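> So I've got this file, protein26.cif, and it contains mmCIF, C-alpha atoms:
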data_my_file
loop_
_atom_site.group_PDB
_atom_site.id
_atom_site.type_symbol
_atom_site.label_atom_id
_atom_site.label_comp_id
_atom_site.auth_asym_id
_atom_site.auth_seq_id
_atom_site.Cartn_x
_atom_site.Cartn_y
_atom_site.Cartn_z
ATOM 1 C CA MET Z 3 10.823 -19.555 -10.637
ATOM 2 C CA SER Z 4 13.302 -19.052 -7.796
ATOM 3 C CA PHE Z 5 11.399 -15.985 -6.553
ATOM 4 C CA PHE Z 6 8.145 -17.832 -5.998
ATOM 5 C CA LYS Z 7 7.641 -20.041 -3.004
ATOM 6 C CA LYS Z 8 4.660 -20.577 -0.736
ATOM 7 C CA ILE Z 9 4.652 -17.793 1.867
ATOM 8 C CA PHE Z 10 1.018 -17.073 2.727
ATOM 9 C CA SER Z 11 -1.477 -19.545 4.151
ATOM 10 C CA SER Z 12 -3.797 -21.014 1.502
ATOM 11 C CA GLU Z 13 -6.734 -18.999 2.904
ATOM 12 C CA LYS Z 14 -4.841 -15.705 2.760
ATOM 13 C CA LYS Z 15 -3.562 -16.478 -0.738
ATOM 14 C CA GLU Z 16 -7.087 -17.302 -1.890
ATOM 15 C CA THR Z 17 -8.268 -13.879 -0.638
ATOM 16 C CA LEU Z 18 -5.414 -12.213 -2.525
ATOM 17 C CA ASP Z 19 -6.166 -14.163 -5.726
ATOM 18 C CA LYS Z 20 -9.833 -13.204 -5.490
ATOM 19 C CA GLY Z 21 -9.038 -9.564 -4.693
ATOM 20 C CA LEU Z 22 -6.826 -9.248 -7.781
ATOM 21 C CA GLU Z 23 -9.178 -11.174 -10.094
ATOM 22 C CA LYS Z 24 -10.349 -8.104 -12.080
ATOM 23 C CA SER Z 25 -6.822 -6.790 -12.550
ATOM 24 C CA LYS Z 26 -5.511 -10.198 -13.550
ATOM 25 C CA SER Z 27 -8.329 -10.941 -16.022
ATOM 26 C CA SER Z 28 -7.950 -7.538 -17.667
ATOM 27 C CA PHE Z 29 -4.173 -7.897 -17.907
ATOM 28 C CA LEU Z 30 -4.197 -11.462 -19.265
ATOM 29 C CA SER Z 31 -6.860 -10.520 -21.815
ATOM 30 C CA LYS Z 32 -4.713 -7.614 -23.073
ATOM 31 C CA LEU Z 33 -1.604 -9.803 -23.047
ATOM 32 C CA GLY Z 34 -3.413 -12.460 -25.104
ATOM 33 C CA LYS Z 35 -4.244 -9.867 -27.769
ATOM 34 C CA ALA Z 36 -0.679 -8.519 -27.717
ATOM 35 C CA VAL Z 37 0.804 -11.890 -28.669
ATOM 36 C CA ALA Z 38 -2.025 -13.171 -30.886
ATOM 37 C CA GLY Z 39 -0.635 -14.908 -33.961
ATOM 38 C CA LYS Z 40 2.951 -14.608 -32.720
ATOM 39 C CA SER Z 41 5.174 -17.510 -31.748
ATOM 40 C CA LYS Z 42 8.248 -15.574 -30.602
ATOM 41 C CA VAL Z 43 8.911 -12.382 -28.655
ATOM 42 C CA ASP Z 44 9.972 -9.795 -31.247
ATOM 43 C CA ASP Z 45 9.948 -5.974 -31.461
ATOM 44 C CA GLU Z 46 6.238 -5.858 -32.272
ATOM 45 C CA VAL Z 47 5.359 -8.032 -29.276
ATOM 46 C CA LEU Z 48 7.517 -5.829 -27.031
ATOM 47 C CA ASP Z 49 5.798 -2.675 -28.359
ATOM 48 C CA ASN Z 50 2.417 -4.271 -27.689
ATOM 49 C CA LEU Z 51 3.565 -5.407 -24.237
ATOM 50 C CA GLU Z 52 4.664 -1.857 -23.396
ATOM 51 C CA GLU Z 53 1.166 -0.619 -24.209
ATOM 52 C CA VAL Z 54 -0.411 -3.423 -22.143
ATOM 53 C CA LEU Z 55 1.670 -2.520 -19.064
ATOM 54 C CA VAL Z 56 1.006 1.220 -19.362
ATOM 55 C CA THR Z 57 -2.752 0.706 -19.816
ATOM 56 C CA SER Z 58 -2.704 -1.652 -16.804
ATOM 57 C CA ASP Z 59 -1.542 1.307 -14.668
ATOM 58 C CA VAL Z 60 1.946 -0.067 -14.041
ATOM 59 C CA GLY Z 61 3.267 3.423 -14.890
ATOM 60 C CA VAL Z 62 5.517 4.588 -17.714
ATOM 61 C CA ASN Z 63 8.861 4.557 -15.861
ATOM 62 C CA THR Z 64 8.342 1.096 -14.379
ATOM 63 C CA THR Z 65 7.062 -0.216 -17.733
ATOM 64 C CA LEU Z 66 10.240 0.970 -19.490
ATOM 65 C CA LYS Z 67 12.389 -0.813 -16.882
ATOM 66 C CA VAL Z 68 10.423 -4.050 -17.369
ATOM 67 C CA ILE Z 69 10.699 -3.826 -21.182
ATOM 68 C CA GLU Z 70 14.477 -3.247 -20.917
ATOM 69 C CA ARG Z 71 14.812 -6.348 -18.760
ATOM 70 C CA ILE Z 72 12.822 -8.452 -21.204
ATOM 71 C CA GLU Z 73 14.817 -7.079 -24.173
ATOM 72 C CA ALA Z 74 17.980 -8.195 -22.364
ATOM 73 C CA ARG Z 75 16.500 -11.692 -21.943
ATOM 74 C CA VAL Z 76 15.517 -11.812 -25.639
ATOM 75 C CA SER Z 77 18.987 -10.785 -26.840
ATOM 76 C CA LYS Z 78 20.645 -13.267 -24.476
ATOM 77 C CA ASP Z 79 18.367 -16.239 -25.191
ATOM 78 C CA LYS Z 80 18.025 -15.390 -28.919
ATOM 79 C CA TYR Z 81 14.660 -17.154 -29.124
ATOM 80 C CA LEU Z 82 11.883 -16.687 -26.615
ATOM 81 C CA GLY Z 83 8.453 -18.109 -27.332
ATOM 82 C CA THR Z 84 5.382 -15.995 -26.569
ATOM 83 C CA GLU Z 85 4.019 -18.819 -24.395
ATOM 84 C CA GLU Z 86 6.890 -18.091 -21.983
ATOM 85 C CA LEU Z 87 6.087 -14.380 -21.770
ATOM 86 C CA ASN Z 88 3.822 -14.589 -18.725
ATOM 87 C CA LEU Z 89 6.464 -16.460 -16.721
ATOM 88 C CA ILE Z 90 9.213 -14.053 -17.843
ATOM 89 C CA LEU Z 91 7.061 -11.074 -16.823
ATOM 90 C CA ARG Z 92 6.478 -12.561 -13.378
ATOM 91 C CA GLU Z 93 10.186 -13.155 -12.866
ATOM 92 C CA GLU Z 94 11.325 -9.759 -14.163
ATOM 93 C CA ILE Z 95 8.754 -7.753 -12.194
ATOM 94 C CA ALA Z 96 9.515 -9.716 -9.015
ATOM 95 C CA GLY Z 97 13.211 -9.112 -9.722
ATOM 96 C CA LEU Z 98 12.615 -5.389 -10.176
ATOM 97 C CA LEU Z 99 10.639 -5.162 -6.928
ATOM 98 C CA SER Z 100 13.237 -7.214 -5.069
ATOM 99 C CA GLU Z 101 15.670 -4.323 -5.610
ATOM 100 C CA THR Z 102 13.747 -2.413 -2.936
ATOM 101 C CA ASN Z 103 13.386 -3.628 0.631
ATOM 102 C CA SER Z 104 9.611 -3.365 0.583
ATOM 103 C CA GLY Z 105 7.162 -6.203 0.328
ATOM 104 C CA GLU Z 106 9.188 -8.743 2.298
ATOM 105 C CA GLU Z 107 6.831 -9.121 5.274
ATOM 106 C CA LYS Z 108 4.488 -12.057 5.824
ATOM 107 C CA GLU Z 109 2.646 -10.774 8.919
ATOM 108 C CA PHE Z 110 1.632 -7.507 10.598
ATOM 109 C CA VAL Z 111 4.706 -6.532 12.620
ATOM 110 C CA ILE Z 112 5.971 -3.525 14.565
ATOM 111 C CA PRO Z 113 9.448 -2.966 16.052
ATOM 112 C CA ALA Z 114 9.790 -4.490 19.514
ATOM 113 C CA ASN Z 115 11.880 -1.578 20.834
ATOM 114 C CA LYS Z 116 9.254 1.150 20.227
ATOM 115 C CA LYS Z 117 6.578 1.465 22.894
ATOM 116 C CA PRO Z 118 4.174 2.904 22.214
ATOM 117 C CA TYR Z 119 4.677 2.511 18.460
ATOM 118 C CA VAL Z 120 3.121 5.632 16.927
ATOM 119 C CA LEU Z 121 1.605 5.387 13.457
ATOM 120 C CA MET Z 122 0.319 8.579 11.800
ATOM 121 C CA VAL Z 123 -2.064 8.000 8.892
ATOM 122 C CA VAL Z 124 -2.450 10.505 6.029
ATOM 123 C CA GLY Z 125 -4.447 10.504 2.787
ATOM 124 C CA VAL Z 126 -7.279 12.367 1.076
ATOM 125 C CA ASN Z 127 -10.899 11.747 2.053
ATOM 126 C CA GLY Z 128 -12.567 8.769 0.434
ATOM 127 C CA VAL Z 129 -9.503 6.566 -0.089
ATOM 128 C CA GLY Z 130 -10.370 4.175 2.749
ATOM 129 C CA LYS Z 131 -8.182 5.824 5.401
ATOM 130 C CA THR Z 132 -10.511 5.254 8.380
ATOM 131 C CA THR Z 133 -11.278 1.686 7.284
ATOM 132 C CA THR Z 134 -7.539 0.961 6.982
ATOM 133 C CA ILE Z 135 -6.981 2.323 10.513
ATOM 134 C CA GLY Z 136 -9.811 0.138 11.872
ATOM 135 C CA LYS Z 137 -8.487 -2.983 10.160
ATOM 136 C CA LEU Z 138 -4.939 -2.301 11.362
ATOM 137 C CA ALA Z 139 -6.230 -1.862 14.915
ATOM 138 C CA TYR Z 140 -8.003 -5.215 14.565
ATOM 139 C CA GLN Z 141 -4.829 -6.983 13.368
ATOM 140 C CA PHE Z 142 -2.672 -5.586 16.175
ATOM 141 C CA LYS Z 143 -5.303 -6.296 18.821
ATOM 142 C CA LYS Z 144 -5.589 -9.860 17.509
ATOM 143 C CA GLN Z 145 -1.888 -10.232 18.328
ATOM 144 C CA GLY Z 146 -2.641 -9.267 21.927
ATOM 145 C CA LYS Z 147 -1.349 -5.712 21.644
ATOM 146 C CA ARG Z 148 -2.954 -2.752 23.412
ATOM 147 C CA VAL Z 149 -4.101 -0.284 20.742
ATOM 148 C CA VAL Z 150 -5.284 3.339 21.127
ATOM 149 C CA LEU Z 151 -6.839 5.382 18.294
ATOM 150 C CA GLY Z 152 -6.640 9.168 17.956
ATOM 151 C CA ALA Z 153 -9.278 11.095 15.962
ATOM 152 C CA ALA Z 154 -7.121 14.029 14.797
ATOM 153 C CA ASP Z 155 -9.080 14.524 11.557
ATOM 154 C CA THR Z 156 -11.181 17.201 13.271
ATOM 155 C CA PHE Z 157 -12.349 18.991 10.124
ATOM 156 C CA ARG Z 158 -15.164 16.536 9.412
ATOM 157 C CA ALA Z 159 -17.599 15.295 12.031
ATOM 158 C CA ALA Z 160 -18.047 12.194 9.854
ATOM 159 C CA ALA Z 161 -14.349 11.320 10.202
ATOM 160 C CA ILE Z 162 -14.591 11.336 14.022
ATOM 161 C CA ASP Z 163 -17.853 9.342 13.928
ATOM 162 C CA GLN Z 164 -16.435 6.759 11.496
ATOM 163 C CA LEU Z 165 -13.368 6.217 13.674
ATOM 164 C CA GLN Z 166 -15.612 5.822 16.721
ATOM 165 C CA VAL Z 167 -17.569 3.088 14.871
ATOM 166 C CA TRP Z 168 -14.312 1.207 14.219
ATOM 167 C CA ALA Z 169 -13.114 1.707 17.816
ATOM 168 C CA ASP Z 170 -16.398 0.182 19.047
ATOM 169 C CA ARG Z 171 -16.217 -2.657 16.540
ATOM 170 C CA VAL Z 172 -12.630 -3.607 17.386
ATOM 171 C CA GLU Z 173 -13.135 -2.756 21.081
ATOM 172 C CA VAL Z 174 -10.177 -0.415 21.446
ATOM 173 C CA PRO Z 175 -10.114 3.003 23.198
ATOM 174 C CA ILE Z 176 -10.358 6.198 21.155
ATOM 175 C CA VAL Z 177 -9.314 9.741 22.077
ATOM 176 C CA LYS Z 178 -11.361 12.472 20.406
ATOM 177 C CA GLN Z 179 -12.512 16.069 20.792
ATOM 178 C CA GLN Z 180 -15.175 18.205 19.147
ATOM 179 C CA MET Z 181 -15.174 18.834 15.400
ATOM 180 C CA GLY Z 182 -12.975 21.874 14.684
ATOM 181 C CA SER Z 183 -10.612 21.189 17.594
ATOM 182 C CA ASP Z 184 -6.874 21.564 17.103
ATOM 183 C CA PRO Z 185 -5.588 18.267 15.557
ATOM 184 C CA ALA Z 186 -2.266 18.610 17.394
ATOM 185 C CA SER Z 187 -4.138 18.844 20.712
ATOM 186 C CA VAL Z 188 -5.964 15.565 19.929
ATOM 187 C CA ALA Z 189 -2.660 13.881 19.003
ATOM 188 C CA PHE Z 190 -1.068 15.117 22.254
ATOM 189 C CA ASP Z 191 -3.988 13.826 24.366
ATOM 190 C CA THR Z 192 -3.921 10.494 22.506
ATOM 191 C CA LEU Z 193 -0.246 9.893 23.225
ATOM 192 C CA LYS Z 194 -0.622 10.947 26.877
ATOM 193 C CA SER Z 195 -3.513 8.505 27.241
ATOM 194 C CA ALA Z 196 -1.580 5.735 25.452
ATOM 195 C CA VAL Z 197 1.450 6.157 27.725
ATOM 196 C CA ASN Z 198 -0.799 6.108 30.830
ATOM 197 C CA GLN Z 199 -2.467 2.906 29.575
ATOM 198 C CA ASP Z 200 0.896 1.281 28.721
ATOM 199 C CA ALA Z 201 -0.346 0.892 25.124
ATOM 200 C CA ASP Z 202 1.730 -0.909 22.477
ATOM 201 C CA VAL Z 203 0.353 0.823 19.370
ATOM 202 C CA VAL Z 204 -1.112 4.285 18.747
ATOM 203 C CA ILE Z 205 -2.795 5.044 15.405
ATOM 204 C CA ILE Z 206 -3.499 8.725 14.698
ATOM 205 C CA ASP Z 207 -5.955 9.709 11.949
ATOM 206 C CA THR Z 208 -5.196 13.077 10.308
ATOM 207 C CA ALA Z 209 -7.093 15.443 8.016
ATOM 208 C CA GLY Z 210 -7.713 14.301 4.452
ATOM 209 C CA ARG Z 211 -7.242 17.568 2.603
ATOM 210 C CA LEU Z 212 -4.762 18.355 -0.128
ATOM 211 C CA HIS Z 213 -6.174 21.523 -1.676
ATOM 212 C CA ASN Z 214 -3.465 23.596 -0.005
ATOM 213 C CA LYS Z 215 -0.125 21.826 0.434
ATOM 214 C CA ILE Z 216 1.330 24.585 2.637
ATOM 215 C CA ASN Z 217 -1.544 24.327 5.143
ATOM 216 C CA LEU Z 218 -1.292 20.532 5.155
ATOM 217 C CA MET Z 219 2.477 20.643 5.627
ATOM 218 C CA ASN Z 220 2.204 23.145 8.485
ATOM 219 C CA GLU Z 221 -0.532 21.146 10.190
ATOM 220 C CA LEU Z 222 1.256 17.778 9.958
ATOM 221 C CA THR Z 223 4.535 19.365 11.107
ATOM 222 C CA LYS Z 224 2.730 20.811 14.141
ATOM 223 C CA VAL Z 225 1.068 17.453 14.925
ATOM 224 C CA LYS Z 226 4.472 15.731 14.812
ATOM 225 C CA ARG Z 227 6.137 18.395 16.965
ATOM 226 C CA VAL Z 228 3.440 18.197 19.643
ATOM 227 C CA MET Z 229 3.513 14.370 19.687
ATOM 228 C CA GLN Z 230 7.268 14.485 20.289
ATOM 229 C CA LYS Z 231 6.643 16.272 23.596
ATOM 230 C CA VAL Z 232 5.196 12.955 24.816
ATOM 231 C CA VAL Z 233 7.099 10.351 22.764
ATOM 232 C CA GLY Z 234 10.444 11.788 21.679
ATOM 233 C CA ASP Z 235 10.803 10.020 18.317
ATOM 234 C CA ALA Z 236 7.111 9.946 17.282
ATOM 235 C CA PRO Z 237 5.720 9.277 14.770
ATOM 236 C CA HIS Z 238 7.572 6.055 13.966
ATOM 237 C CA ASP Z 239 5.699 5.585 10.696
ATOM 238 C CA VAL Z 240 3.767 7.995 8.445
ATOM 239 C CA LEU Z 241 1.424 5.802 6.407
ATOM 240 C CA LEU Z 242 -0.091 7.265 3.230
ATOM 241 C CA VAL Z 243 -3.333 5.553 2.164
ATOM 242 C CA LEU Z 244 -4.057 5.535 -1.603
ATOM 243 C CA ASP Z 245 -7.140 4.308 -3.465
ATOM 244 C CA GLY Z 246 -5.892 1.724 -5.995
ATOM 245 C CA SER Z 247 -9.057 2.055 -8.084
ATOM 246 C CA THR Z 248 -8.024 5.580 -9.108
ATOM 247 C CA GLY Z 249 -4.996 4.273 -11.031
ATOM 248 C CA GLN Z 250 -2.760 7.136 -12.163
ATOM 249 C CA ASN Z 251 -4.499 9.530 -9.769
ATOM 250 C CA ALA Z 252 -3.008 7.469 -6.924
ATOM 251 C CA PHE Z 253 0.464 8.223 -8.374
ATOM 252 C CA GLU Z 254 -0.389 11.937 -8.377
ATOM 253 C CA GLN Z 255 -1.595 11.850 -4.747
ATOM 254 C CA ALA Z 256 1.576 10.031 -3.722
ATOM 255 C CA LYS Z 257 3.641 12.748 -5.441
ATOM 256 C CA GLN Z 258 1.722 15.566 -3.726
ATOM 257 C CA PHE Z 259 1.807 14.020 -0.247
ATOM 258 C CA THR Z 260 5.507 13.150 -0.427
ATOM 259 C CA LYS Z 261 6.139 16.835 -1.225
ATOM 260 C CA ALA Z 262 3.988 17.978 1.705
ATOM 261 C CA THR Z 263 5.336 15.641 4.379
ATOM 262 C CA GLU Z 264 7.752 12.780 4.904
ATOM 263 C CA VAL Z 265 5.885 9.565 4.052
ATOM 264 C CA THR Z 266 7.538 6.357 5.263
ATOM 265 C CA SER Z 267 5.081 3.687 4.062
ATOM 266 C CA LEU Z 268 2.059 3.183 1.794
ATOM 267 C CA ALA Z 269 -1.251 1.318 1.900
ATOM 268 C CA VAL Z 270 -3.112 0.766 -1.390
ATOM 269 C CA THR Z 271 -6.831 0.039 -0.910
ATOM 270 C CA LYS Z 272 -9.893 -1.069 -2.944
ATOM 271 C CA LEU Z 273 -7.949 -3.374 -5.268
ATOM 272 C CA ASP Z 274 -10.790 -5.903 -5.328
ATOM 273 C CA GLY Z 275 -13.153 -3.517 -7.144
ATOM 274 C CA THR Z 276 -10.818 -2.481 -9.946
ATOM 275 C CA ALA Z 277 -8.739 -3.674 -12.893
ATOM 276 C CA LYS Z 278 -6.025 -1.160 -11.951
ATOM 277 C CA GLY Z 279 -4.033 -3.407 -9.594
ATOM 278 C CA GLY Z 280 -0.888 -2.802 -11.658
ATOM 279 C CA VAL Z 281 -0.652 0.544 -9.884
ATOM 280 C CA VAL Z 282 0.817 -1.270 -6.845
ATOM 281 C CA ILE Z 283 3.779 -2.465 -8.960
ATOM 282 C CA GLY Z 284 4.406 1.043 -10.325
ATOM 283 C CA ILE Z 285 4.026 2.853 -6.998
ATOM 284 C CA SER Z 286 6.244 0.325 -5.203
ATOM 285 C CA ASP Z 287 8.976 0.783 -7.823
ATOM 286 C CA GLU Z 288 8.632 4.508 -8.492
ATOM 287 C CA PHE Z 289 8.523 6.074 -5.043
ATOM 288 C CA LYS Z 290 10.980 3.795 -3.263
ATOM 289 C CA ILE Z 291 8.609 4.029 -0.281
ATOM 290 C CA PRO Z 292 7.560 0.594 0.946
ATOM 291 C CA VAL Z 293 4.018 -0.528 0.145
ATOM 292 C CA LYS Z 294 3.175 -2.121 3.504
ATOM 293 C CA TYR Z 295 -0.517 -3.001 3.177
ATOM 294 C CA ILE Z 296 -3.061 -3.668 0.449
ATOM 295 C CA GLY Z 297 -6.856 -3.783 0.673
ATOM 296 C CA VAL Z 298 -8.276 -6.725 -1.287
ATOM 297 C CA GLY Z 299 -11.847 -6.885 0.041
ATOM 298 C CA GLU Z 300 -14.370 -5.359 2.411
ATOM 299 C CA GLY Z 301 -14.042 -7.891 5.239
ATOM 300 C CA ILE Z 302 -12.133 -7.034 8.402
ATOM 301 C CA GLU Z 303 -9.459 -9.619 7.481
ATOM 302 C CA ASP Z 304 -9.108 -8.287 3.922
ATOM 303 C CA LEU Z 305 -6.379 -5.774 4.665
ATOM 304 C CA GLN Z 306 -3.232 -7.751 3.930
ATOM 305 C CA VAL Z 307 0.470 -7.241 4.407
ATOM 306 C CA PHE Z 308 1.903 -6.543 0.944
ATOM 307 C CA ASN Z 309 4.271 -9.310 -0.070
ATOM 308 C CA LYS Z 310 5.653 -8.629 -3.550
ATOM 309 C CA TYR Z 311 6.210 -12.288 -4.430
ATOM 310 C CA GLU Z 312 2.679 -13.326 -3.485
ATOM 311 C CA PHE Z 313 1.268 -10.234 -5.211
ATOM 312 C CA VAL Z 314 3.095 -10.840 -8.516
ATOM 313 C CA ASP Z 315 2.216 -14.542 -8.377
ATOM 314 C CA SER Z 316 -1.498 -13.725 -7.997
ATOM 315 C CA PHE Z 317 -1.404 -10.925 -10.595
ATOM 316 C CA PHE Z 318 0.016 -13.177 -13.325
ATOM 317 C CA LYS Z 319 -1.665 -16.441 -12.316
ATOM 318 C CA GLN Z 320 -3.127 -18.200 -15.362
#
Show me, as structure tokens, the structure contained in the file I just sent.


Amino acid sequence: MSFFKKIFSSEKKETLDKGLEKSKSSFLSKLGKAVAGKSKVDDEVLDNLEEVLVTSDVGVNTTLKVIERIEARVSKDKYLGTEELNLILREEIAGLLSETNSGEEKEFVIPANKKPYVLMVVGVNGVGKTTTIGKLAYQFKKQGKRVVLGAADTFRAAAIDQLQVWADRVEVPIVKQQMGSDPASVAFDTLKSAVNQDADVVIIDTAGRLHNKINLMNELTKVKRVMQKVVGDAPHDVLLVLDGSTGQNAFEQAKQFTKATEVTSLAVTKLDGTAKGGVVIGISDEFKIPVKYIGVGEGIEDLQVFNKYEFVDSFFKQ
């Protein structure tokens, strides 16, 4: 139990527990069936456990790593009772995730030496990209930071309108142009405005299309190049937003986007409405790109910093 100590406030932890309720209930139900009538962890239990993890969207590669770890425990301890399996799973998955540097944060933080800190957000339409941007803006503003939004998803009027709604709600400035404008031009104007306003954080929304990787790659490369005319090392973070409720499809989107552009962090949304929360464990392990944020509810406070220990604790809580 050395991995698990109280990190989040009780209120934040309660939100996380509630947000992962469907995933947890589904997983524990499957786990119960996998060990029914068994008193010790044997080959049959491990085979059943493998199926449980894969069908809980943990992903095949990550599942095989977890099973190997548990097999090593079984051969070392000789006898492991099935009643200990939940605890062992928690420890081994937390151990696996602790091999990456992601999921260590407790609060929303940005580097102190980057001003303005430029965050470029990518992801297909419908994954909760604009909502994630709005909630991030809220969190940074709550810390007293000056935030500017840039509406560089100019291919859909709805995307510009939705970002405007969030800018009004959070009371932060937004830079936008007409639908069909050049996204790089919007990004350039946003950074110029942010520098003039002495802003701390700039969040740029980009187009949510993936039907043509070459077009997407060219567009995002151009947006980056133009931003660097204003802030030499921008963007400081390229955040890919994935819809957790799509399970394995989220893996596929992560694969496609990481081929199209350099992604430096991930946000996994809509975990409260799905039993596919295991996808966070698999994506965190598989892509070696830090999962920074998770969406566990619709409220403005329900975007949370991903902390792997708190996440695993909530996921396996009995």

> Expand the PyMOL selection byres ((chain Z and resi 133) around 10) into the explicit residue set it covers here, and present it as a ChimeraX atom specification.

/Z:128-132,134-139,164-165,167-168,271,297,300,302,305

> Hey, can you check how far CA of Thr57 in chain Z sits from CA of Val265 in chain Z?

26.9 Å

> What is the distance between CA of Gln320 in chain Z and CA of Phe110 in chain Z, in Å to one decimal?

28.5 Å

> By how many Å are CA of Ile296 in chain Z and CA of Val123 in chain Z apart?

14.4 Å

> Rank Z:Ser12, Z:Thr192, Z:Gln230, Z:Thr84 by their smallest atom-to-atom distance to Lys42 in chain Z, using only C-alpha atoms, and report the top residue only.

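Of all the options, Z:Thr84 lies closest to Lys42 in chain Z.
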
> I'd like the residues picked by the PyMOL selection byres ((chain Z and resi 22-36) around 8) written out as a list in words, using the chain letters and numbers from the file.

Leu18, Asp19, Lys20, Gly21, Val37, Ala38, Val47, Asn50, Leu51, Val54, Ser58, Leu273, Asp274, Gly275, Thr276, Ala277, Lys278, Gly279, Gly280, Val298, Ser316, Phe317, Phe318, Lys319 and Gln320 of chain Z

> Would you mind exporting C-alpha atoms of the selected residues as an mmCIF file, keeping the file's coordinate frame?


data_model
loop_
_atom_site.group_PDB
_atom_site.id
_atom_site.type_symbol
_atom_site.label_atom_id
_atom_site.label_comp_id
_atom_site.auth_asym_id
_atom_site.auth_seq_id
_atom_site.Cartn_x
_atom_site.Cartn_y
_atom_site.Cartn_z
ATOM 1 C CA LEU Z 18 -5.414 -12.213 -2.525
ATOM 2 C CA ASP Z 19 -6.166 -14.163 -5.726
ATOM 3 C CA LYS Z 20 -9.833 -13.204 -5.490
ATOM 4 C CA GLY Z 21 -9.038 -9.564 -4.693
ATOM 5 C CA VAL Z 37 0.804 -11.890 -28.669
ATOM 6 C CA ALA Z 38 -2.025 -13.171 -30.886
ATOM 7 C CA VAL Z 47 5.359 -8.032 -29.276
ATOM 8 C CA ASN Z 50 2.417 -4.271 -27.689
ATOM 9 C CA LEU Z 51 3.565 -5.407 -24.237
ATOM 10 C CA VAL Z 54 -0.411 -3.423 -22.143
ATOM 11 C CA SER Z 58 -2.704 -1.652 -16.804
ATOM 12 C CA LEU Z 273 -7.949 -3.374 -5.268
ATOM 13 C CA ASP Z 274 -10.790 -5.903 -5.328
ATOM 14 C CA GLY Z 275 -13.153 -3.517 -7.144
ATOM 15 C CA THR Z 276 -10.818 -2.481 -9.946
ATOM 16 C CA ALA Z 277 -8.739 -3.674 -12.893
ATOM 17 C CA LYS Z 278 -6.025 -1.160 -11.951
ATOM 18 C CA GLY Z 279 -4.033 -3.407 -9.594
ATOM 19 C CA GLY Z 280 -0.888 -2.802 -11.658
ATOM 20 C CA VAL Z 298 -8.276 -6.725 -1.287
ATOM 21 C CA SER Z 316 -1.498 -13.725 -7.997
ATOM 22 C CA PHE Z 317 -1.404 -10.925 -10.595
ATOM 23 C CA PHE Z 318 0.016 -13.177 -13.325
ATOM 24 C CA LYS Z 319 -1.665 -16.441 -12.316
ATOM 25 C CA GLN Z 320 -3.127 -18.200 -15.362
#

> Starting from the displayed file, determine the output of the PyMOL selection byres ((chain Z and resi 287) around 10) and express the residue list as a ChimeraX atom specification.

/Z:60-61,63-64,67,95,98-102,104,281-286,288-293

> How big is the axis-aligned box, and where does its centre sit, when it encloses all atoms of range 28-45 of chain Z listed in the file and has 8 Å added on every side, reported in Å to one decimal as JSON?


{"center_x": 1.0, "center_y": -11.7, "center_z": -25.8, "size_x": 33.9, "size_y": 27.5, "size_z": 32.3}

> At a cut-off of 10 Å, using only C-alpha atoms, what residues contact Val62 in chain Z? Leave out same-chain residues fewer than 6 positions from it and give the result as an NGL selection string.

:Z and (52-53 or 55-56 or 68 or 284 or 288)

> Skipping near chain neighbours, those fewer than 5 positions away, what residues fall within 10 Å of Leu151 in chain Z using only C-alpha atoms, listed as number ranges by chain?

Z: 121, 135-136, 139, 165-166, 168-169, 174-178, 189, 192-193, 196, 203-207

> Reconstruct N, CA and C atoms of range 37-46 of chain Z from the incomplete input and present them as a PDB file, in the frame of the given file.


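Saved the output as result34.pdb:
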ATOM      1  N   VAL Z  37      -0.033 -10.831 -28.072  1.00  0.00           N
ATOM      2  CA  VAL Z  37       0.804 -11.890 -28.669  1.00  0.00           C
ATOM      3  C   VAL Z  37       0.034 -12.750 -29.675  1.00  0.00           C
ATOM      4  N   ALA Z  38      -1.199 -12.373 -29.963  1.00  0.00           N
ATOM      5  CA  ALA Z  38      -2.025 -13.171 -30.886  1.00  0.00           C
ATOM      6  C   ALA Z  38      -1.312 -13.349 -32.226  1.00  0.00           C
ATOM      7  N   GLY Z  39      -1.236 -14.602 -32.662  1.00  0.00           N
ATOM      8  CA  GLY Z  39      -0.635 -14.908 -33.961  1.00  0.00           C
ATOM      9  C   GLY Z  39       0.880 -14.880 -33.969  1.00  0.00           C
ATOM     10  N   LYS Z  40       1.488 -14.671 -32.802  1.00  0.00           N
ATOM     11  CA  LYS Z  40       2.951 -14.608 -32.720  1.00  0.00           C
ATOM     12  C   LYS Z  40       3.486 -15.824 -31.978  1.00  0.00           C
ATOM     13  N   SER Z  41       4.594 -16.358 -32.444  1.00  0.00           N
ATOM     14  CA  SER Z  41       5.174 -17.510 -31.748  1.00  0.00           C
ATOM     15  C   SER Z  41       6.418 -17.118 -30.964  1.00  0.00           C
ATOM     16  N   LYS Z  42       7.040 -15.994 -31.336  1.00  0.00           N
ATOM     17  CA  LYS Z  42       8.248 -15.574 -30.602  1.00  0.00           C
ATOM     18  C   LYS Z  42       8.129 -14.103 -30.192  1.00  0.00           C
ATOM     19  N   VAL Z  43       8.896 -13.764 -29.157  1.00  0.00           N
ATOM     20  CA  VAL Z  43       8.911 -12.382 -28.655  1.00  0.00           C
ATOM     21  C   VAL Z  43       9.820 -11.558 -29.569  1.00  0.00           C
ATOM     22  N   ASP Z  44       9.205 -10.672 -30.356  1.00  0.00           N
ATOM     23  CA  ASP Z  44       9.972  -9.795 -31.247  1.00  0.00           C
ATOM     24  C   ASP Z  44       9.659  -8.333 -30.911  1.00  0.00           C
ATOM     25  N   ASP Z  45      10.144  -7.405 -31.740  1.00  0.00           N
ATOM     26  CA  ASP Z  45       9.948  -5.974 -31.461  1.00  0.00           C
ATOM     27  C   ASP Z  45       8.471  -5.599 -31.393  1.00  0.00           C
ATOM     28  N   GLU Z  46       7.673  -6.189 -32.256  1.00  0.00           N
ATOM     29  CA  GLU Z  46       6.238  -5.858 -32.272  1.00  0.00           C
ATOM     30  C   GLU Z  46       5.566  -6.316 -30.980  1.00  0.00           C
TER      31      GLU Z  46
END
